[in-house]
$ cat final-v6.cif   # mmCIF, C-alpha atoms
data_model
loop_
_atom_site.label_atom_id
_atom_site.label_comp_id
_atom_site.auth_asym_id
_atom_site.auth_seq_id
_atom_site.Cartn_x
_atom_site.Cartn_y
_atom_site.Cartn_z
CA MET A 1 70.05 1.32 -71.69
CA ILE A 2 73.37 1.22 -73.52
CA ASP A 3 74.66 4.55 -72.19
CA LEU A 4 73.61 3.66 -68.65
CA ILE A 5 75.37 0.28 -68.76
CA LYS A 6 78.50 1.86 -70.22
CA LYS A 7 78.63 4.52 -67.49
CA LEU A 8 78.20 2.04 -64.69
CA THR A 9 80.62 -0.59 -65.97
CA GLN A 10 83.34 1.97 -66.66
CA ALA A 11 83.06 3.48 -63.16
CA TYR A 12 85.72 2.80 -60.54
CA GLY A 13 84.21 0.82 -57.66
CA PRO A 14 86.23 -1.94 -55.97
CA SER A 15 84.83 -3.43 -52.77
CA GLY A 16 84.76 -0.80 -50.06
CA ARG A 17 85.19 2.04 -52.57
CA GLU A 18 81.76 2.17 -54.27
CA GLU A 19 81.15 5.94 -54.02
CA GLU A 20 81.59 6.75 -57.73
CA VAL A 21 79.05 4.08 -58.69
CA HIS A 22 76.54 5.28 -56.12
CA ASN A 23 76.87 8.90 -57.30
CA LEU A 24 76.21 7.86 -60.91
CA ILE A 25 73.13 5.90 -59.85
CA LEU A 26 71.72 8.87 -57.95
CA GLN A 27 72.28 11.12 -60.95
CA GLU A 28 70.44 8.65 -63.19
CA LEU A 29 67.53 8.36 -60.76
CA GLU A 30 67.01 12.07 -60.17
CA GLY A 31 63.27 12.74 -60.52
CA HIS A 32 62.43 9.01 -60.58
CA ILE A 33 62.46 8.12 -56.86
CA ASP A 34 60.70 9.30 -53.72
CA GLY A 35 63.72 9.11 -51.45
CA TYR A 36 67.12 7.61 -50.72
CA LYS A 37 69.58 7.09 -47.90
CA PHE A 38 72.96 5.58 -47.14
CA ASP A 39 73.03 3.10 -44.28
CA ASN A 40 75.83 2.61 -41.77
CA VAL A 41 77.92 0.30 -43.96
CA GLY A 42 77.57 2.46 -47.08
CA ASN A 43 74.76 0.74 -49.01
CA LEU A 44 72.71 3.07 -51.19
CA LEU A 45 68.98 2.47 -50.62
CA VAL A 46 66.41 4.18 -52.86
CA TRP A 47 62.65 3.79 -53.06
CA LYS A 48 59.52 4.58 -55.03
CA THR A 49 56.38 4.41 -52.90
CA GLY A 50 53.44 2.23 -53.95
CA SER A 51 49.84 2.10 -52.77
CA SER A 52 49.50 -1.47 -51.49
CA GLY A 53 51.58 -1.21 -48.32
CA LYS A 54 53.75 -4.10 -49.56
CA LYS A 55 57.47 -3.66 -50.25
CA VAL A 56 59.64 -5.38 -52.87
CA LEU A 57 63.41 -5.02 -52.56
CA PHE A 58 65.59 -5.47 -55.63
CA ASP A 59 69.27 -5.81 -54.77
CA ALA A 60 72.43 -5.53 -56.88
CA HIS A 61 75.93 -5.10 -55.55
CA ALA A 62 77.80 -1.98 -56.63
CA ASP A 63 81.32 -3.27 -56.01
CA GLU A 64 83.67 -5.07 -58.37
CA ILE A 65 86.66 -7.34 -57.85
CA GLY A 66 90.12 -5.78 -57.74
CA LEU A 67 93.57 -5.66 -56.22
CA VAL A 68 94.99 -3.85 -53.20
CA VAL A 69 98.60 -2.73 -52.81
CA THR A 70 100.35 -4.63 -50.00
CA ASN A 71 103.98 -3.60 -50.54
CA ILE A 72 106.26 -1.58 -52.84
CA ASP A 73 109.83 -2.62 -53.60
CA GLU A 74 112.83 -0.31 -53.82
CA LYS A 75 112.45 0.01 -57.61
CA GLY A 76 108.85 1.17 -57.31
CA PHE A 77 107.07 -2.03 -58.37
CA LEU A 78 103.86 -2.87 -56.52
CA ARG A 79 103.00 -6.11 -54.78
CA VAL A 80 99.28 -6.80 -54.45
CA GLU A 81 96.58 -8.97 -52.90
CA SER A 82 93.21 -9.85 -54.41
CA VAL A 83 90.00 -8.10 -53.40
CA GLY A 84 87.34 -10.71 -54.09
CA GLY A 85 87.74 -13.79 -56.25
CA VAL A 86 90.41 -12.66 -58.70
CA PRO A 87 91.96 -15.37 -60.92
CA PRO A 88 95.64 -14.30 -61.23
CA HIS A 89 95.95 -15.37 -64.88
CA SER A 90 93.31 -12.85 -65.96
CA TYR A 91 95.57 -9.98 -64.90
CA VAL A 92 98.79 -10.92 -66.67
CA GLY A 93 99.64 -8.33 -69.33
CA HIS A 94 96.52 -6.31 -68.53
CA ARG A 95 96.22 -2.80 -67.16
CA VAL A 96 94.98 -1.99 -63.67
CA ARG A 97 93.44 1.38 -62.82
CA PHE A 98 94.14 2.99 -59.48
CA PRO A 99 92.55 6.34 -58.51
CA ASN A 100 95.52 8.32 -59.85
CA VAL A 101 97.40 6.09 -62.27
CA VAL A 102 97.22 3.02 -64.53
CA GLY A 103 99.64 0.14 -64.06
CA VAL A 104 100.56 -3.01 -65.99
CA VAL A 105 100.49 -6.43 -64.31
CA TYR A 106 103.20 -8.92 -65.21
CA VAL A 107 105.10 -11.98 -63.98
CA GLU A 108 108.58 -11.71 -62.49
CA GLY A 109 111.58 -13.65 -63.78
CA GLU A 110 115.13 -12.72 -64.75
CA THR A 111 115.33 -15.35 -67.49
CA GLU A 112 112.86 -16.74 -70.00
CA GLU A 113 113.02 -20.11 -68.26
CA GLU A 114 112.21 -18.53 -64.89
CA ARG A 115 109.29 -16.59 -66.36
CA LYS A 116 107.89 -19.75 -67.99
CA LYS A 117 108.09 -21.52 -64.64
CA ASN A 118 106.28 -18.65 -62.94
CA PHE A 119 103.60 -18.60 -65.64
CA THR A 120 103.05 -22.31 -65.00
CA ASN A 121 102.81 -21.77 -61.24
CA LEU A 122 101.07 -18.43 -61.43
CA ASN A 123 100.10 -16.69 -58.19
CA LEU A 124 100.22 -13.20 -56.74
CA ASP A 125 103.55 -13.95 -55.03
CA ASN A 126 105.34 -13.97 -58.39
CA MET A 127 103.42 -11.09 -59.98
CA PHE A 128 103.94 -7.33 -59.80
CA VAL A 129 102.35 -4.09 -61.02
CA ASP A 130 104.40 -1.52 -62.95
CA ILE A 131 103.12 2.07 -62.64
CA GLY A 132 106.24 3.62 -64.17
CA ALA A 133 107.63 4.85 -60.86
CA ARG A 134 111.42 5.20 -60.59
CA ASN A 135 111.67 4.15 -56.96
CA ARG A 136 109.69 3.26 -53.84
CA ASP A 137 109.28 6.84 -52.61
CA GLU A 138 107.85 8.00 -55.94
CA ALA A 139 105.44 5.06 -56.08
CA MET A 140 104.32 5.65 -52.50
CA LYS A 141 103.24 9.18 -53.39
CA ILE A 142 101.07 7.92 -56.26
CA VAL A 143 99.64 4.66 -54.86
CA PRO A 144 100.40 4.25 -51.16
CA ILE A 145 99.99 0.85 -49.55
CA GLY A 146 96.27 0.15 -49.20
CA SER A 147 95.34 1.64 -52.60
CA PHE A 148 92.74 -0.32 -54.59
CA GLY A 149 92.93 -1.08 -58.31
CA VAL A 150 90.46 -2.49 -60.85
CA TYR A 151 90.68 -3.76 -64.42
CA ASP A 152 91.31 -0.97 -66.90
CA SER A 153 89.19 -2.19 -69.82
CA TYR A 154 86.63 -0.70 -72.15
CA PHE A 155 82.98 -1.14 -73.03
CA TYR A 156 82.06 -2.57 -76.45
CA LYS A 157 78.82 -3.52 -78.17
CA ASN A 158 79.02 -6.39 -80.65
CA GLY A 159 75.52 -6.78 -82.05
CA ASP A 160 73.38 -8.02 -79.14
CA LEU A 161 76.42 -8.70 -76.96
CA LEU A 162 77.82 -6.19 -74.48
CA ILE A 163 81.43 -6.56 -73.32
CA SER A 164 83.07 -4.84 -70.36
CA LYS A 165 84.65 -5.23 -66.97
CA SER A 166 82.35 -5.25 -63.92
CA MET A 167 79.19 -6.51 -65.59
CA ASP A 168 79.30 -8.33 -62.25
CA ASP A 169 77.27 -6.65 -60.95
CA ARG A 170 76.82 -3.26 -62.61
CA ILE A 171 74.45 -4.96 -65.02
CA GLY A 172 72.23 -5.70 -62.02
CA CYS A 173 72.52 -2.07 -60.91
CA ALA A 174 71.54 -0.89 -64.41
CA ILE A 175 68.50 -3.19 -64.43
CA ILE A 176 67.22 -1.84 -61.12
CA VAL A 177 67.77 1.76 -62.25
CA GLU A 178 65.82 1.06 -65.42
CA VAL A 179 62.96 -0.59 -63.50
CA LEU A 180 62.65 2.46 -61.25
CA LYS A 181 62.70 4.78 -64.26
CA ARG A 182 59.99 2.92 -66.15
CA ILE A 183 57.53 2.40 -63.29
CA GLU A 184 55.45 5.54 -62.84
CA LYS A 185 52.91 4.61 -60.15
CA PRO A 186 53.87 1.25 -58.66
CA HIS A 187 51.27 -0.89 -56.94
CA ASN A 188 53.87 -2.14 -54.46
CA THR A 189 56.66 0.00 -53.05
CA VAL A 190 59.92 -0.68 -54.90
CA ILE A 191 63.20 -0.48 -53.00
CA GLY A 192 66.50 -0.49 -54.86
CA SER A 193 69.45 -1.68 -52.79
CA PHE A 194 72.91 -1.00 -54.28
CA THR A 195 75.06 -2.87 -51.82
CA VAL A 196 78.73 -2.71 -50.91
CA GLN A 197 81.40 -5.38 -50.49
CA GLU A 198 79.52 -8.35 -51.96
CA GLU A 199 82.73 -9.68 -53.49
CA VAL A 200 84.39 -10.06 -50.08
CA GLY A 201 81.55 -11.83 -48.26
CA LEU A 202 78.07 -10.34 -48.85
CA ILE A 203 78.90 -7.62 -46.31
CA GLY A 204 76.45 -4.92 -47.41
CA ALA A 205 73.56 -7.29 -48.00
CA SER A 206 73.79 -8.50 -44.42
CA VAL A 207 72.17 -5.24 -43.28
CA ALA A 208 70.69 -3.77 -46.49
CA ALA A 209 67.11 -4.87 -45.84
CA TYR A 210 67.15 -4.33 -42.08
CA SER A 211 65.86 -0.75 -41.81
CA LEU A 212 63.27 -0.83 -44.62
CA VAL A 213 61.74 -4.24 -43.80
CA PRO A 214 60.66 -5.46 -47.27
CA ASP A 215 58.14 -8.25 -47.72
CA VAL A 216 60.29 -9.99 -50.33
CA CYS A 217 63.81 -9.59 -51.71
CA VAL A 218 65.10 -10.40 -55.18
CA ALA A 219 68.84 -10.23 -55.85
CA ILE A 220 69.84 -9.44 -59.43
CA ASP A 221 73.29 -10.73 -60.30
CA VAL A 222 75.28 -12.49 -63.00
CA THR A 223 75.69 -16.24 -63.36
CA ASP A 224 77.89 -18.65 -65.26
CA SER A 225 77.18 -19.24 -68.94
CA SER A 226 77.78 -22.68 -70.43
CA ASP A 227 77.60 -21.76 -74.11
CA TYR A 228 81.30 -21.38 -74.99
CA PRO A 229 84.12 -23.94 -75.50
CA LYS A 230 85.34 -25.68 -72.35
CA SER A 231 82.57 -24.13 -70.27
CA PHE A 232 81.13 -25.96 -67.29
CA LYS A 233 78.96 -28.68 -68.81
CA ARG A 234 76.76 -29.30 -65.77
CA HIS A 235 75.30 -25.80 -66.19
CA SER A 236 72.50 -25.06 -68.66
CA MET A 237 72.54 -21.24 -68.58
CA ALA A 238 73.29 -19.49 -71.87
CA LEU A 239 73.27 -16.02 -73.39
CA GLY A 240 70.10 -15.08 -75.23
CA LYS A 241 67.72 -17.45 -73.42
CA GLY A 242 66.31 -14.77 -71.13
CA PRO A 243 66.63 -14.01 -67.41
CA ALA A 244 67.78 -17.00 -65.36
CA ILE A 245 65.46 -17.74 -62.43
CA LYS A 246 67.69 -19.30 -59.81
CA ILE A 247 66.68 -22.47 -58.00
CA LYS A 248 69.84 -22.73 -55.92
CA ASP A 249 73.56 -22.07 -55.73
CA ARG A 250 76.21 -23.01 -53.17
CA ALA A 251 75.01 -20.36 -50.70
CA SER A 252 71.19 -20.44 -50.79
CA ILE A 253 68.01 -21.94 -52.18
CA SER A 254 65.55 -19.43 -53.64
CA ASN A 255 62.14 -19.06 -52.02
CA ARG A 256 59.77 -21.41 -53.83
CA ASN A 257 56.83 -18.98 -53.92
CA ILE A 258 58.93 -16.23 -55.52
CA VAL A 259 60.33 -18.66 -58.09
CA GLU A 260 56.87 -19.92 -59.04
CA LYS A 261 55.49 -16.38 -59.31
CA LEU A 262 58.38 -15.29 -61.55
CA ILE A 263 57.80 -18.29 -63.82
CA GLN A 264 54.06 -17.60 -63.94
CA ILE A 265 54.62 -13.94 -64.86
CA ALA A 266 57.20 -14.81 -67.51
CA GLU A 267 54.84 -17.28 -69.16
CA GLN A 268 51.84 -14.95 -68.97
CA GLN A 269 53.80 -12.04 -70.46
CA LYS A 270 55.61 -14.26 -72.97
CA ILE A 271 59.01 -13.26 -71.55
CA PRO A 272 61.68 -15.85 -72.36
CA TYR A 273 63.34 -17.28 -69.27
CA GLN A 274 65.63 -20.10 -68.22
CA MET A 275 66.12 -22.01 -64.99
CA GLU A 276 69.37 -21.74 -63.09
CA VAL A 277 71.06 -24.29 -60.86
CA LEU A 278 74.55 -23.02 -60.09
CA THR A 279 76.96 -25.58 -58.64
CA PHE A 280 79.22 -22.98 -57.01
CA GLY A 281 79.15 -19.39 -55.76
CA GLY A 282 76.29 -17.40 -54.32
CA THR A 283 74.52 -14.05 -54.33
CA ASN A 284 73.28 -11.47 -51.85
CA ALA A 285 70.06 -13.49 -51.53
CA ALA A 286 71.93 -15.69 -49.06
CA ALA A 287 72.36 -12.71 -46.71
CA LEU A 288 69.02 -11.01 -47.44
CA GLN A 289 67.00 -14.07 -46.46
CA ARG A 290 68.67 -14.05 -43.01
CA THR A 291 67.81 -10.41 -42.27
CA ARG A 292 65.69 -9.68 -39.17
CA SER A 293 63.42 -12.69 -38.61
CA GLY A 294 63.92 -13.85 -42.19
CA ILE A 295 62.78 -12.38 -45.53
CA PRO A 296 61.62 -14.53 -48.48
CA SER A 297 64.38 -14.11 -51.06
CA ALA A 298 65.38 -15.31 -54.51
CA THR A 299 67.77 -14.45 -57.33
CA VAL A 300 67.27 -13.51 -60.97
CA SER A 301 70.49 -13.79 -62.94
CA ILE A 302 72.00 -12.62 -66.21
CA ALA A 303 73.98 -15.37 -67.94
CA THR A 304 77.52 -14.04 -68.40
CA ARG A 305 80.60 -15.33 -70.16
CA TYR A 306 84.07 -14.95 -68.61
CA VAL A 307 82.95 -13.75 -65.16
CA HIS A 308 85.67 -11.97 -63.14
CA SER A 309 87.68 -11.19 -66.26
CA PRO A 310 88.32 -7.81 -67.95
CA SER A 311 85.81 -8.77 -70.65
CA GLU A 312 82.58 -10.08 -69.17
CA VAL A 313 79.95 -10.67 -71.87
CA VAL A 314 76.15 -10.39 -71.56
CA SER A 315 73.20 -10.28 -73.96
CA LEU A 316 71.32 -6.96 -74.21
CA GLU A 317 68.14 -8.89 -75.00
CA ASP A 318 68.48 -10.81 -71.73
CA VAL A 319 68.91 -7.52 -69.89
CA GLU A 320 65.80 -5.97 -71.44
CA ASN A 321 63.74 -9.08 -70.71
CA THR A 322 64.89 -9.03 -67.09
CA VAL A 323 63.70 -5.42 -66.76
CA GLU A 324 60.28 -6.45 -68.11
CA LEU A 325 60.07 -9.44 -65.77
CA LEU A 326 60.84 -7.35 -62.70
CA ILE A 327 58.46 -4.55 -63.67
CA ASN A 328 55.66 -7.11 -63.90
CA TYR A 329 56.72 -8.72 -60.64
CA VAL A 330 56.37 -5.41 -58.80
CA GLY A 331 52.70 -5.28 -59.73
CA LYS A 332 51.86 -8.96 -59.31
CA GLY A 333 54.46 -10.71 -57.22
CA VAL A 334 53.73 -9.88 -53.57
#
$ encode --input "final-v6.cif" --output "structure tokens"
Amino acid sequence: MIDLIKKLTQAYGPSGREEEVHNLILQELEGHIDGYKFDNVGNLLVWKTGSSGKKVLFDAHADEIGLVVTNIDEKGFLRVESVGGVPPHSYVGHRVRFPNVVGVVYVEGETEEERKKNFTNLNLDNMFVDIGARNRDEAMKIVPIGSFGVYDSYFYKNGDLLISKSMDDRIGCAIIVEVLKRIEKPHNTVIGSFTVQEEVGLIGASVAAYSLVPDVCVAIDVTDSSDYPKSFKRHSMALGKGPAIKIKDRASISNRNIVEKLIQIAEQQKIPYQMEVLTFGGTNAAALQRTRSGIPSATVSIATRYVHSPSEVVSLEDVENTVELLINYVGKGV
């Protein structure tokens, strides 16, 4: 799966601009699915037909956090706003990739004292992006107002650990692609939903399940990891302990029957797993469970260090075990 994960995490796909990611997914799935379509908000929906008449939807959002250009000053420096939950400090000194150029994010200040003050009180009002333009007109031709940028970082493999931008949630996309590739004749129909604009309010998931009417939905996303210094100590999730079966987060409580079935399958198949109670955030499950008259929904997560940074870290072993868990769930979980 390494090449697949690398391709997807390196793709450009801020919220509302997920086309490159969707095209890569369709290329990967050629010959492995029975059909696909794009719905009215841009979600990519694919499926592999089973024999039981039951439908399982696996969802992962294709978008990533980013920045959008709001203004350009006379010297050609960009002013920006966040797209999704972007912590400003994670951008300082880092590169940002726009469709046609790479820029550097930094903090304004004419003196060292002023810069130190702005670092202390860091926010997007005292930050700028330098794309090397000589003036406003030149910058406007390259990145007009409304252009979206994402972290410009690279994929690395350090032993079992994989490091890249946009593991949130391209790792979920990669898992669903791999499940669809490995299942030859599924008992239950498998639907893959690669949704848009999760980072700005679960927009795509609000309608993703509407037209295909699945019997159950499972969102695959990242979650906080508590296994590094100064991590959140009320969380138990950690890299290398297996897929995290979510009980609840700030946005939803997972369907009890799905949770119990996932645990049963993991124990029967000797797949390591961990339980997740997240004290903040949420996933597309919160929107999926409200679709139509209500769809039983849950979340399976990948523990991830440094979420929403240029260097999100996951365990390859956790990823592989999640694929195995979901493959078994397709045959036994509905």
$ closest_residue --input "final-v6.cif" --among "A:Glu320, A:Glu267, A:Glu18, A:Asp73" --to "Arg134 of chain A" --atoms "all atoms listed in the file"
A:Asp73
$ resolve_selection --input "final-v6.cif" --expression "the PyMOL selection byres ((chain A and resi 152-162) around 8)" --output "JSON, numbers by chain"
{"A": [6, 9, 10, 94, 95, 96, 97, 102, 150, 151, 163, 164, 165, 310, 311, 313, 314, 315, 316, 317]}
$ closest_residue --input "final-v6.cif" --among "A:Glu64, A:Glu28, A:Glu74, A:Asp3" --to "Val307 of chain A" --atoms "all atoms listed in the file"
A:Glu64
$ resolve_selection --input "final-v6.cif" --expression "the PyMOL selection byres ((chain A and resi 82-86) around 6)" --output "list in words"
Ile65, Gly66, Leu67, Glu81, Pro87, Glu199 and Val200 of chain A
$ residues_near_point --input "final-v6.cif" --point "(98.2, 10.9, -63.7)" --cutoff "12 Å" --atoms "all atoms listed in the file" --output "CSV table (one decimal) with C-alpha atoms, in the frame of the given file"
chain,number,residue,atom,x,y,z
A,97,ARG,CA,93.4,1.4,-62.8
A,98,PHE,CA,94.1,3.0,-59.5
A,99,PRO,CA,92.6,6.3,-58.5
A,100,ASN,CA,95.5,8.3,-59.8
A,101,VAL,CA,97.4,6.1,-62.3
A,102,VAL,CA,97.2,3.0,-64.5
A,103,GLY,CA,99.6,0.1,-64.1
A,131,ILE,CA,103.1,2.1,-62.6
A,132,GLY,CA,106.2,3.6,-64.2
A,133,ALA,CA,107.6,4.8,-60.9
A,141,LYS,CA,103.2,9.2,-53.4
A,142,ILE,CA,101.1,7.9,-56.3
A,143,VAL,CA,99.6,4.7,-54.9
$ closest_residue --input "final-v6.cif" --among "A:Val92, A:Ile171, A:Leu44, A:Ala286" --to "Val104 of chain A" --atoms "only C-alpha atoms"
A:Val92
$ closest_residue --input "final-v6.cif" --among "A:Gly282, A:Pro88, A:Gly331, A:Gly201" --to "Val222 of chain A" --atoms "all atoms listed in the file"
A:Gly282
$ residues_around --input "final-v6.cif" --residues "Thr223 of chain A" --least-positions-apart "5" --cutoff "12 Å" --atoms "only C-alpha atoms" --output "PyMOL selection string"
chain A and resi 167-169+171-172+232+235-239+243-246+248-249+274-283+299-308+312-314
$ closest_residue --input "final-v6.cif" --among "A:Glu20, A:Glu324, A:Glu112, A:Asp59" --to "Arg182 of chain A" --atoms "all atoms listed in the file"
A:Glu324
$ resolve_selection --input "final-v6.cif" --expression "the PyMOL selection byres ((chain A and resi 136) around 10)" --output "PyMOL selection string"
chain A and resi 71-78+133-135+137-141+144
$ closest_residue --input "final-v6.cif" --among "A:Ile5, A:Arg115, A:Phe148, A:Val179" --to "Val68 of chain A" --atoms "only C-alpha atoms"
A:Phe148
$ atom_distance --input "final-v6.cif" --atom1 "atom CA of Ser193 of chain A" --atom2 "atom CA of Phe58 of chain A"
6.1 Å
$ atom_distance --input "final-v6.cif" --atom1 "atom CA of Ala251 of chain A" --atom2 "atom CA of Val190 of chain A"
25.2 Å
$ atom_distance --input "final-v6.cif" --atom1 "atom CA of Leu57 of chain A" --atom2 "atom CA of Tyr273 of chain A"
20.7 Å
$ residues_around --input "final-v6.cif" --residues "Arg79 of chain A" --least-positions-apart "3" --cutoff "8 Å" --atoms "all atoms listed in the file" --output "list in words"
Val69, Thr70, Asn71, Ile72, Asp73, Leu124, Asp125, Met127, Phe128 and Val129 of chain A
$ residues_near_point --input "final-v6.cif" --point "(52.7, 1.5, -59.9)" --cutoff "12 Å" --atoms "only C-alpha atoms" --output "PyMOL selection string"
chain A and resi 48-55+179-190+327-332
$ axis_aligned_box --input "final-v6.cif" --around "segment 101-118 of chain A" --padding-each-side "3 Å" --output "AutoDock Vina command-line options"
--center_x 106.3 --center_y -7.7 --center_z -66.1 --size_x 24.1 --size_y 33.6 --size_z 13.7
$ decode --input "final-v6.cif" --residues "segment 83-96 of chain A" --atoms "N, CA and C atoms" --output "PDB file, in the first residue's frame"
ATOM      1  N   VAL A  83      -8.754  27.302   5.750  1.00  0.00           N
ATOM      2  CA  VAL A  83      -9.793  26.434   5.196  1.00  0.00           C
ATOM      3  C   VAL A  83      -9.771  25.174   6.053  1.00  0.00           C
ATOM      4  N   GLY A  84     -10.689  25.088   7.005  1.00  0.00           N
ATOM      5  CA  GLY A  84     -10.643  24.018   7.991  1.00  0.00           C
ATOM      6  C   GLY A  84      -9.867  24.471   9.213  1.00  0.00           C
ATOM      7  N   GLY A  85      -9.638  23.531  10.125  1.00  0.00           N
ATOM      8  CA  GLY A  85      -8.996  23.855  11.396  1.00  0.00           C
ATOM      9  C   GLY A  85      -7.485  23.920  11.293  1.00  0.00           C
ATOM     10  N   VAL A  86      -6.979  25.050  10.830  1.00  0.00           N
ATOM     11  CA  VAL A  86      -5.538  25.212  10.623  1.00  0.00           C
ATOM     12  C   VAL A  86      -4.918  25.941  11.815  1.00  0.00           C
ATOM     13  N   PRO A  87      -4.020  25.315  12.573  1.00  0.00           N
ATOM     14  CA  PRO A  87      -3.311  26.042  13.630  1.00  0.00           C
ATOM     15  C   PRO A  87      -2.243  26.941  13.008  1.00  0.00           C
ATOM     16  N   PRO A  88      -2.300  28.261  13.189  1.00  0.00           N
ATOM     17  CA  PRO A  88      -1.371  29.165  12.496  1.00  0.00           C
ATOM     18  C   PRO A  88       0.104  28.824  12.702  1.00  0.00           C
ATOM     19  N   HIS A  89       0.472  28.379  13.920  1.00  0.00           N
ATOM     20  CA  HIS A  89       1.884  28.126  14.201  1.00  0.00           C
ATOM     21  C   HIS A  89       2.472  27.034  13.315  1.00  0.00           C
ATOM     22  N   SER A  90       1.627  26.124  12.822  1.00  0.00           N
ATOM     23  CA  SER A  90       2.156  25.024  12.019  1.00  0.00           C
ATOM     24  C   SER A  90       2.575  25.473  10.619  1.00  0.00           C
ATOM     25  N   TYR A  91       2.199  26.683  10.244  1.00  0.00           N
ATOM     26  CA  TYR A  91       2.554  27.188   8.918  1.00  0.00           C
ATOM     27  C   TYR A  91       3.821  28.035   8.898  1.00  0.00           C
ATOM     28  N   VAL A  92       4.220  28.575  10.040  1.00  0.00           N
ATOM     29  CA  VAL A  92       5.323  29.535  10.050  1.00  0.00           C
ATOM     30  C   VAL A  92       6.621  28.891   9.553  1.00  0.00           C
ATOM     31  N   GLY A  93       7.201  29.490   8.523  1.00  0.00           N
ATOM     32  CA  GLY A  93       8.447  28.979   7.951  1.00  0.00           C
ATOM     33  C   GLY A  93       8.259  27.820   6.996  1.00  0.00           C
ATOM     34  N   HIS A  94       7.034  27.363   6.824  1.00  0.00           N
ATOM     35  CA  HIS A  94       6.764  26.235   5.933  1.00  0.00           C
ATOM     36  C   HIS A  94       6.304  26.726   4.561  1.00  0.00           C
ATOM     37  N   ARG A  95       6.384  25.821   3.600  1.00  0.00           N
ATOM     38  CA  ARG A  95       5.934  26.120   2.251  1.00  0.00           C
ATOM     39  C   ARG A  95       4.462  25.766   2.094  1.00  0.00           C
ATOM     40  N   VAL A  96       3.797  26.530   1.226  1.00  0.00           N
ATOM     41  CA  VAL A  96       2.413  26.275   0.875  1.00  0.00           C
ATOM     42  C   VAL A  96       2.325  26.145  -0.637  1.00  0.00           C
TER      43      VAL A  96
END
